[in-house]
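Everything below belongs to upload.cif, which stores mmCIF, C-alpha atoms.
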data_target
#
loop_
_atom_site.label_atom_id
_atom_site.label_comp_id
_atom_site.auth_asym_id
_atom_site.auth_seq_id
_atom_site.Cartn_x
_atom_site.Cartn_y
_atom_site.Cartn_z
CA MET A 274 -7.74 -10.59 43.08
CA GLN A 275 -5.86 -9.90 39.90
CA LYS A 276 -6.78 -10.17 36.26
CA LYS A 277 -4.91 -12.23 33.66
CA VAL A 278 -5.27 -12.60 29.92
CA PHE A 279 -4.54 -16.04 28.50
CA GLN A 280 -4.18 -16.81 24.83
CA LEU A 281 -4.72 -20.34 23.63
CA LEU A 282 -4.07 -22.01 20.33
CA ALA A 283 -6.64 -24.80 20.05
CA ASP A 284 -7.95 -27.22 17.46
CA ASN A 285 -10.59 -25.57 15.27
CA THR A 286 -13.20 -28.27 15.79
CA SER A 287 -16.75 -28.28 17.08
CA GLY A 288 -17.15 -28.28 20.84
CA VAL A 289 -13.71 -26.83 21.68
CA LEU A 290 -15.07 -23.58 23.06
CA SER A 291 -17.66 -25.51 25.05
CA ARG A 292 -14.98 -27.73 26.61
CA ILE A 293 -12.86 -24.70 27.52
CA ALA A 294 -15.84 -22.88 29.08
CA GLY A 295 -16.91 -26.10 30.80
CA LEU A 296 -13.55 -26.32 32.56
CA PHE A 297 -14.21 -22.91 34.10
CA SER A 298 -17.76 -23.70 35.18
CA ARG A 299 -16.88 -27.10 36.68
CA ARG A 300 -14.24 -25.53 38.89
CA GLY A 301 -16.21 -22.38 39.72
CA TYR A 302 -13.83 -20.01 37.91
CA ASN A 303 -15.16 -16.86 36.26
CA ILE A 304 -14.59 -15.86 32.65
CA GLU A 305 -14.67 -12.07 32.34
CA SER A 306 -14.42 -12.26 28.55
CA ILE A 307 -13.68 -14.84 25.92
CA THR A 308 -13.07 -14.34 22.22
CA ALA A 309 -12.28 -16.97 19.63
CA GLY A 310 -11.61 -17.08 15.93
CA GLN A 311 -9.88 -19.07 13.26
CA THR A 312 -6.19 -18.36 12.70
CA SER A 313 -4.46 -18.08 9.33
CA ASP A 314 -4.21 -21.88 9.53
CA PRO A 315 -7.83 -23.14 9.43
CA ARG A 316 -6.92 -26.14 11.62
CA TYR A 317 -6.51 -23.86 14.65
CA SER A 318 -8.45 -21.24 16.58
CA ARG A 319 -6.97 -18.49 18.72
CA VAL A 320 -8.89 -18.09 22.00
CA THR A 321 -8.33 -15.12 24.30
CA ILE A 322 -9.66 -15.48 27.84
CA VAL A 323 -9.73 -12.80 30.54
CA THR A 324 -10.16 -14.19 34.04
CA SER A 325 -9.40 -13.15 37.60
CA GLY A 326 -8.44 -14.71 40.89
CA ASP A 327 -5.58 -14.96 43.33
CA ASP A 328 -2.18 -16.30 42.24
CA GLU A 329 -3.05 -19.88 43.15
CA ILE A 330 -6.34 -19.89 41.24
CA LEU A 331 -4.77 -18.27 38.16
CA GLU A 332 -1.96 -20.83 38.21
CA GLN A 333 -4.53 -23.66 38.42
CA ILE A 334 -6.53 -22.20 35.53
CA GLU A 335 -3.43 -22.12 33.34
CA LYS A 336 -2.46 -25.69 34.26
CA GLN A 337 -5.98 -27.04 33.71
CA LEU A 338 -6.30 -25.32 30.33
CA ALA A 339 -2.94 -26.76 29.26
CA LYS A 340 -4.23 -30.27 30.06
CA LEU A 341 -7.14 -30.04 27.60
CA ILE A 342 -6.44 -32.24 24.58
CA ASP A 343 -7.73 -29.59 22.15
CA VAL A 344 -5.38 -26.91 23.52
CA LYS A 345 -2.07 -26.98 21.66
CA GLU A 346 -0.42 -24.05 23.42
CA ILE A 347 -1.22 -21.51 26.09
CA ARG A 348 0.46 -18.25 26.99
CA GLU A 349 -0.25 -15.38 29.34
CA LEU A 350 -0.51 -12.07 27.50
CA LYS A 351 1.15 -9.64 29.88
CA PRO A 352 0.00 -6.03 29.40
CA GLU A 353 3.51 -4.63 28.88
CA GLU A 354 4.32 -7.29 26.25
CA SER A 355 1.01 -7.34 24.39
CA VAL A 356 -1.54 -5.36 22.46
CA TYR A 357 -5.19 -5.71 23.55
CA ARG A 358 -8.21 -4.44 21.66
CA GLU A 359 -11.95 -4.63 22.11
CA LEU A 360 -14.83 -3.70 19.82
CA LEU A 361 -17.83 -1.74 21.12
CA LEU A 362 -21.11 -1.22 19.32
CA LEU A 363 -23.22 1.34 21.13
CA LYS A 364 -26.76 2.46 20.30
CA VAL A 365 -27.44 5.94 21.68
CA HIS A 366 -30.79 7.71 21.76
CA ALA A 367 -30.24 10.97 19.90
CA THR A 368 -32.80 13.36 18.50
CA ALA A 369 -31.90 15.52 15.53
CA GLU A 370 -30.86 18.28 17.97
CA GLN A 371 -28.61 15.94 20.01
CA ARG A 372 -27.03 14.11 17.08
CA GLN A 373 -24.16 16.54 16.47
CA SER A 374 -23.10 16.43 20.14
CA VAL A 375 -22.88 12.63 20.05
CA ILE A 376 -21.00 12.73 16.74
CA SER A 377 -18.51 15.23 18.21
CA VAL A 378 -17.71 12.89 21.11
CA ALA A 379 -17.39 9.97 18.67
CA ASP A 380 -14.99 11.99 16.49
CA ILE A 381 -12.71 12.70 19.47
CA PHE A 382 -12.35 8.94 20.02
CA ARG A 383 -12.06 8.14 16.30
CA ALA A 384 -15.26 6.14 16.53
CA LYS A 385 -17.42 5.49 13.47
CA ILE A 386 -21.10 6.16 13.11
CA VAL A 387 -22.33 2.97 11.44
CA ASP A 388 -26.09 3.58 11.54
CA VAL A 389 -28.32 6.63 11.77
CA ALA A 390 -32.02 6.37 12.55
CA PRO A 391 -34.49 9.17 13.35
CA GLU A 392 -34.07 8.69 17.12
CA SER A 393 -30.74 6.87 17.48
CA LEU A 394 -27.17 6.36 16.32
CA ILE A 395 -25.07 3.21 16.37
CA ILE A 396 -21.40 3.89 17.06
CA GLU A 397 -18.48 1.53 16.49
CA LEU A 398 -15.33 1.97 18.57
CA THR A 399 -12.22 -0.16 18.75
CA GLY A 400 -9.57 0.29 21.43
CA ASN A 401 -8.28 -0.83 24.77
CA GLN A 402 -10.69 -1.19 27.69
CA SER A 403 -9.80 2.16 29.25
CA LYS A 404 -10.54 3.99 25.97
CA ILE A 405 -13.90 2.26 25.69
CA GLU A 406 -14.77 3.02 29.31
CA ALA A 407 -13.77 6.68 28.86
CA PHE A 408 -15.94 6.94 25.74
CA ILE A 409 -18.96 5.48 27.51
CA GLY A 410 -18.32 7.84 30.43
CA LEU A 411 -18.40 10.90 28.18
CA LEU A 412 -21.79 9.83 26.84
CA ASP A 413 -23.18 9.87 30.39
CA GLY A 414 -25.71 12.58 29.59
CA PHE A 415 -27.21 10.56 26.73
CA GLU A 416 -29.47 7.54 26.96
CA ILE A 417 -27.60 4.39 25.96
CA LEU A 418 -30.19 2.06 24.44
CA GLU A 419 -28.03 -0.98 23.73
CA GLN A 420 -24.41 -2.00 24.02
CA ALA A 421 -22.43 -4.95 22.62
CA ARG A 422 -18.78 -5.58 23.49
CA THR A 423 -16.62 -8.29 22.01
CA GLY A 424 -14.24 -8.77 24.91
CA ILE A 425 -10.49 -8.57 24.57
CA ALA A 426 -8.58 -9.89 21.59
CA GLY A 427 -4.83 -9.65 21.90
CA LEU A 428 -1.45 -10.57 20.51
CA GLY A 429 2.02 -10.56 22.02
CA ARG A 430 4.35 -7.87 20.74
CA GLY A 431 7.21 -8.81 18.41
CA THR A 432 8.11 -12.26 17.19
CA GLU A 433 9.20 -13.71 20.55
CA ASN A 434 5.65 -14.06 21.92
CA MET A 435 4.02 -15.98 19.10
CA LEU A 436 1.97 -19.14 19.56
CA PHE A 437 2.69 -22.08 17.29
CA ALA A 438 1.07 -25.50 17.37
CA GLU A 439 3.52 -28.36 17.59
CA ASN A 440 3.61 -30.69 14.58
CA GLN A 441 1.96 -28.21 12.22
#
Could you quickly redo this structure as structure tokens?
Amino acid sequence: MQKKVFQLLADNTSGVLSRIAGLFSRRGYNIESITAGQTSDPRYSRVTIVTSGDDEILEQIEKQLAKLIDVKEIRELKPEESVYRELLLLKVHATAEQRQSVISVADIFRAKIVDVAPESLIIELTGNQSKIEAFIGLLDGFEILEQARTGIAGLGRGTENMLFAENQ
């Protein structure tokens, strides 16, 4: 099993994300993460999908996605040719005595404290998956109350790996 990141340029219309996700569920493929958002051209959305499987399954996923009418272009975002980022919001139980220890770990990772309550902190961290995993690992001694992760968003490096819709 290997993991691949696909980036799609799709029509920015209602139901597009549902049709993309439906393709995966109908064929029994797994989506590890999916992010979507409007591009600088409001007619299109950029969708980033992380999925896994053997070579044959991943090839089928790419071909099936390319067949969807709403999908204008699809490209694999290879790790060495792309930049991936993920957003983490993490709520950590921290008493007044523990707060400075949590803040110190957050500072090392350039994370931001976005909320302070009497018994908890909410921390915002952006980075690649390994950075986020390392951060969570260092907070092992603290009680993590809640966690929200966006999934990967990515872009190809340089100007050679850009997605453009035909007939813009």
Hey, what comes out of the PyMOL selection byres ((chain A and resi 400-409) around 7) on this file? Could you write it as a PyMOL selection string?
chain A and resi 357-360+398-399+410-413
Residues within 9 Å of Ala421 in chain A, all atoms listed in the file, excluding chain neighbours under 2 positions, as a VMD selection string:
chain A and resid 360 to 364 419 423
Check which residues of range 306-425 of chain A sit at most 7 Å from range 282-301 of chain A using only C-alpha atoms, and return one row each with the closest pair of atoms and their distance in Å to one decimal, ordered by chain and rising number, as a tab-separated table.
residue	atom	partner	partner_atom	distance
A:Gln311	CA	A:Asn285	CA	6.8
A:Pro315	CA	A:Asn285	CA	6.9
A:Arg316	CA	A:Asn285	CA	5.2
A:Tyr317	CA	A:Asn285	CA	4.5
A:Ser318	CA	A:Asn285	CA	5.0
A:Arg319	CA	A:Leu282	CA	4.8
A:Val320	CA	A:Leu282	CA	6.4
A:Asp343	CA	A:Asp284	CA	5.3
A:Val344	CA	A:Ala283	CA	4.3
A:Lys345	CA	A:Ala283	CA	5.3
A:Glu346	CA	A:Leu282	CA	5.2
A:Ile347	CA	A:Leu282	CA	6.4
Any chance you could resolve the PyMOL selection byres ((chain A and resi 393) around 7) against this file and give the residues as a PyMOL selection string?
chain A and resi 364-368+389-392+394-395
Would you translate the PyMOL selection byres ((chain A and resi 322-326) around 7) into the concrete set of residues it matches in this file, as number ranges by chain?
A: 274-280, 303-308, 320-321, 327-328, 330-331
CA of Leu436 in chain A to CA of Leu281 in chain A, distance in Å rounded to a single decimal:
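CA of Leu281 in chain A lies at a distance of 7.9 Å from CA of Leu436 in chain A.
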Calculate how many Å separate CA of Gly310 in chain A from CA of Gly424 in chain A, rounding to one decimal.
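If I compute the distance from CA of Gly310 in chain A to CA of Gly424 in chain A, I get 12.5 Å.
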Point (4.5, -8.8, 20.2), cut-off 12 Å, counting all atoms listed in the file, residues as a list in words
Leu350, Lys351, Pro352, Glu353, Glu354, Ser355, Val356, Tyr357, Gly427, Leu428, Gly429, Arg430, Gly431, Thr432, Glu433, Asn434, Met435 and Leu436 of chain A
Where is the centre and how long are the edges: axis-aligned box on range 369-388 of chain A, 8 Å on each side, Å to one decimal, as JSON:
{"center_x": -22.0, "center_y": 10.6, "center_z": 16.3, "size_x": 35.8, "size_y": 31.3, "size_z": 25.7}
CA of Ser313 in chain A to CA of Arg383 in chain A, straight-line distance in Å
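These two atoms are separated by 28.2 Å.
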Kindly complete range 347-358 of chain A to all heavy atoms; the output should be written as a CSV table (one decimal), in the frame of the given file.
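Written file, part_14.csv:
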chain,number,residue,atom,x,y,z
A,347,ILE,N,-0.6,-22.6,25.3
A,347,ILE,CA,-1.2,-21.5,26.1
A,347,ILE,C,-0.1,-20.5,26.5
A,347,ILE,O,1.0,-21.0,26.8
A,347,ILE,CB,-2.0,-22.1,27.3
A,347,ILE,CG1,-2.6,-21.0,28.1
A,347,ILE,CG2,-1.0,-22.9,28.2
A,347,ILE,CD1,-3.6,-21.4,29.2
A,348,ARG,N,-0.5,-19.3,26.6
A,348,ARG,CA,0.5,-18.2,27.0
A,348,ARG,C,-0.3,-17.1,27.7
A,348,ARG,O,-1.4,-16.8,27.3
A,348,ARG,CB,1.2,-17.7,25.8
A,348,ARG,CG,2.1,-16.6,26.1
A,348,ARG,CD,3.2,-16.3,25.0
A,348,ARG,NE,4.0,-17.4,24.9
A,348,ARG,CZ,4.4,-18.0,23.8
A,348,ARG,NH1,4.0,-17.5,22.6
A,348,ARG,NH2,5.2,-19.0,23.7
A,349,GLU,N,0.3,-16.6,28.7
A,349,GLU,CA,-0.2,-15.4,29.3
A,349,GLU,C,0.2,-14.2,28.5
A,349,GLU,O,1.3,-14.0,28.1
A,349,GLU,CB,0.3,-15.2,30.8
A,349,GLU,CG,-0.2,-14.0,31.4
A,349,GLU,CD,0.4,-13.7,32.8
A,349,GLU,OE1,1.2,-14.5,33.3
A,349,GLU,OE2,0.2,-12.6,33.3
A,350,LEU,N,-0.8,-13.3,28.2
A,350,LEU,CA,-0.5,-12.1,27.5
A,350,LEU,C,-0.4,-11.0,28.5
A,350,LEU,O,-1.3,-10.4,29.0
A,350,LEU,CB,-1.6,-11.7,26.5
A,350,LEU,CG,-1.8,-12.6,25.3
A,350,LEU,CD1,-3.0,-12.1,24.4
A,350,LEU,CD2,-0.5,-12.6,24.5
A,351,LYS,N,0.9,-10.7,28.9
A,351,LYS,CA,1.2,-9.6,29.9
A,351,LYS,C,0.9,-8.3,29.2
A,351,LYS,O,1.3,-8.1,28.1
A,351,LYS,CB,2.6,-9.8,30.4
A,351,LYS,CG,2.8,-11.1,31.1
A,351,LYS,CD,4.2,-11.3,31.7
A,351,LYS,CE,4.3,-12.6,32.4
A,351,LYS,NZ,5.6,-12.9,32.8
A,352,PRO,N,0.3,-7.3,30.0
A,352,PRO,CA,0.0,-6.0,29.4
A,352,PRO,C,1.2,-5.3,28.8
A,352,PRO,O,1.1,-4.7,27.7
A,352,PRO,CB,-0.5,-5.2,30.6
A,352,PRO,CG,-0.9,-6.3,31.6
A,352,PRO,CD,-0.1,-7.4,31.4
A,353,GLU,N,2.3,-5.4,29.4
A,353,GLU,CA,3.5,-4.6,28.9
A,353,GLU,C,4.1,-5.3,27.7
A,353,GLU,O,4.9,-4.7,27.0
A,353,GLU,CB,4.6,-4.4,30.0
A,353,GLU,CG,5.2,-5.7,30.5
A,353,GLU,CD,4.4,-6.4,31.6
A,353,GLU,OE1,3.2,-6.0,31.9
A,353,GLU,OE2,4.9,-7.5,32.1
A,354,GLU,N,3.8,-6.5,27.4
A,354,GLU,CA,4.3,-7.3,26.2
A,354,GLU,C,3.3,-7.6,25.2
A,354,GLU,O,3.6,-8.4,24.3
A,354,GLU,CB,4.9,-8.6,26.8
A,354,GLU,CG,6.0,-8.5,27.8
A,354,GLU,CD,6.4,-9.8,28.4
A,354,GLU,OE1,5.8,-10.8,28.0
A,354,GLU,OE2,7.3,-9.8,29.2
A,355,SER,N,2.1,-7.0,25.3
A,355,SER,CA,1.0,-7.3,24.4
A,355,SER,C,0.2,-6.1,23.9
A,355,SER,O,0.3,-5.1,24.5
A,355,SER,CB,0.1,-8.3,25.1
A,355,SER,OG,0.8,-9.4,25.6
A,356,VAL,N,-0.6,-6.4,22.9
A,356,VAL,CA,-1.5,-5.4,22.5
A,356,VAL,C,-2.9,-6.0,22.6
A,356,VAL,O,-3.2,-7.1,22.1
A,356,VAL,CB,-1.3,-5.0,21.0
A,356,VAL,CG1,-2.4,-4.0,20.5
A,356,VAL,CG2,0.1,-4.4,20.8
A,357,TYR,N,-3.8,-5.3,23.3
A,357,TYR,CA,-5.2,-5.7,23.6
A,357,TYR,C,-6.1,-4.7,22.8
A,357,TYR,O,-5.9,-3.5,22.9
A,357,TYR,CB,-5.6,-5.7,25.0
A,357,TYR,CG,-4.8,-6.4,26.0
A,357,TYR,CD1,-4.6,-5.9,27.3
A,357,TYR,CD2,-4.2,-7.6,25.7
A,357,TYR,CE1,-3.9,-6.6,28.3
A,357,TYR,CE2,-3.4,-8.3,26.6
A,357,TYR,CZ,-3.3,-7.8,27.9
A,357,TYR,OH,-2.6,-8.5,28.8
A,358,ARG,N,-7.2,-5.3,22.3
A,358,ARG,CA,-8.2,-4.4,21.7
A,358,ARG,C,-9.6,-5.1,21.9
A,358,ARG,O,-9.7,-6.3,22.1
A,358,ARG,CB,-8.0,-4.3,20.1
A,358,ARG,CG,-6.8,-3.5,19.8
A,358,ARG,CD,-7.0,-2.0,20.2
A,358,ARG,NE,-5.8,-1.2,19.8
A,358,ARG,CZ,-4.8,-0.9,20.6
A,358,ARG,NH1,-4.8,-1.4,21.9
A,358,ARG,NH2,-3.8,-0.1,20.2
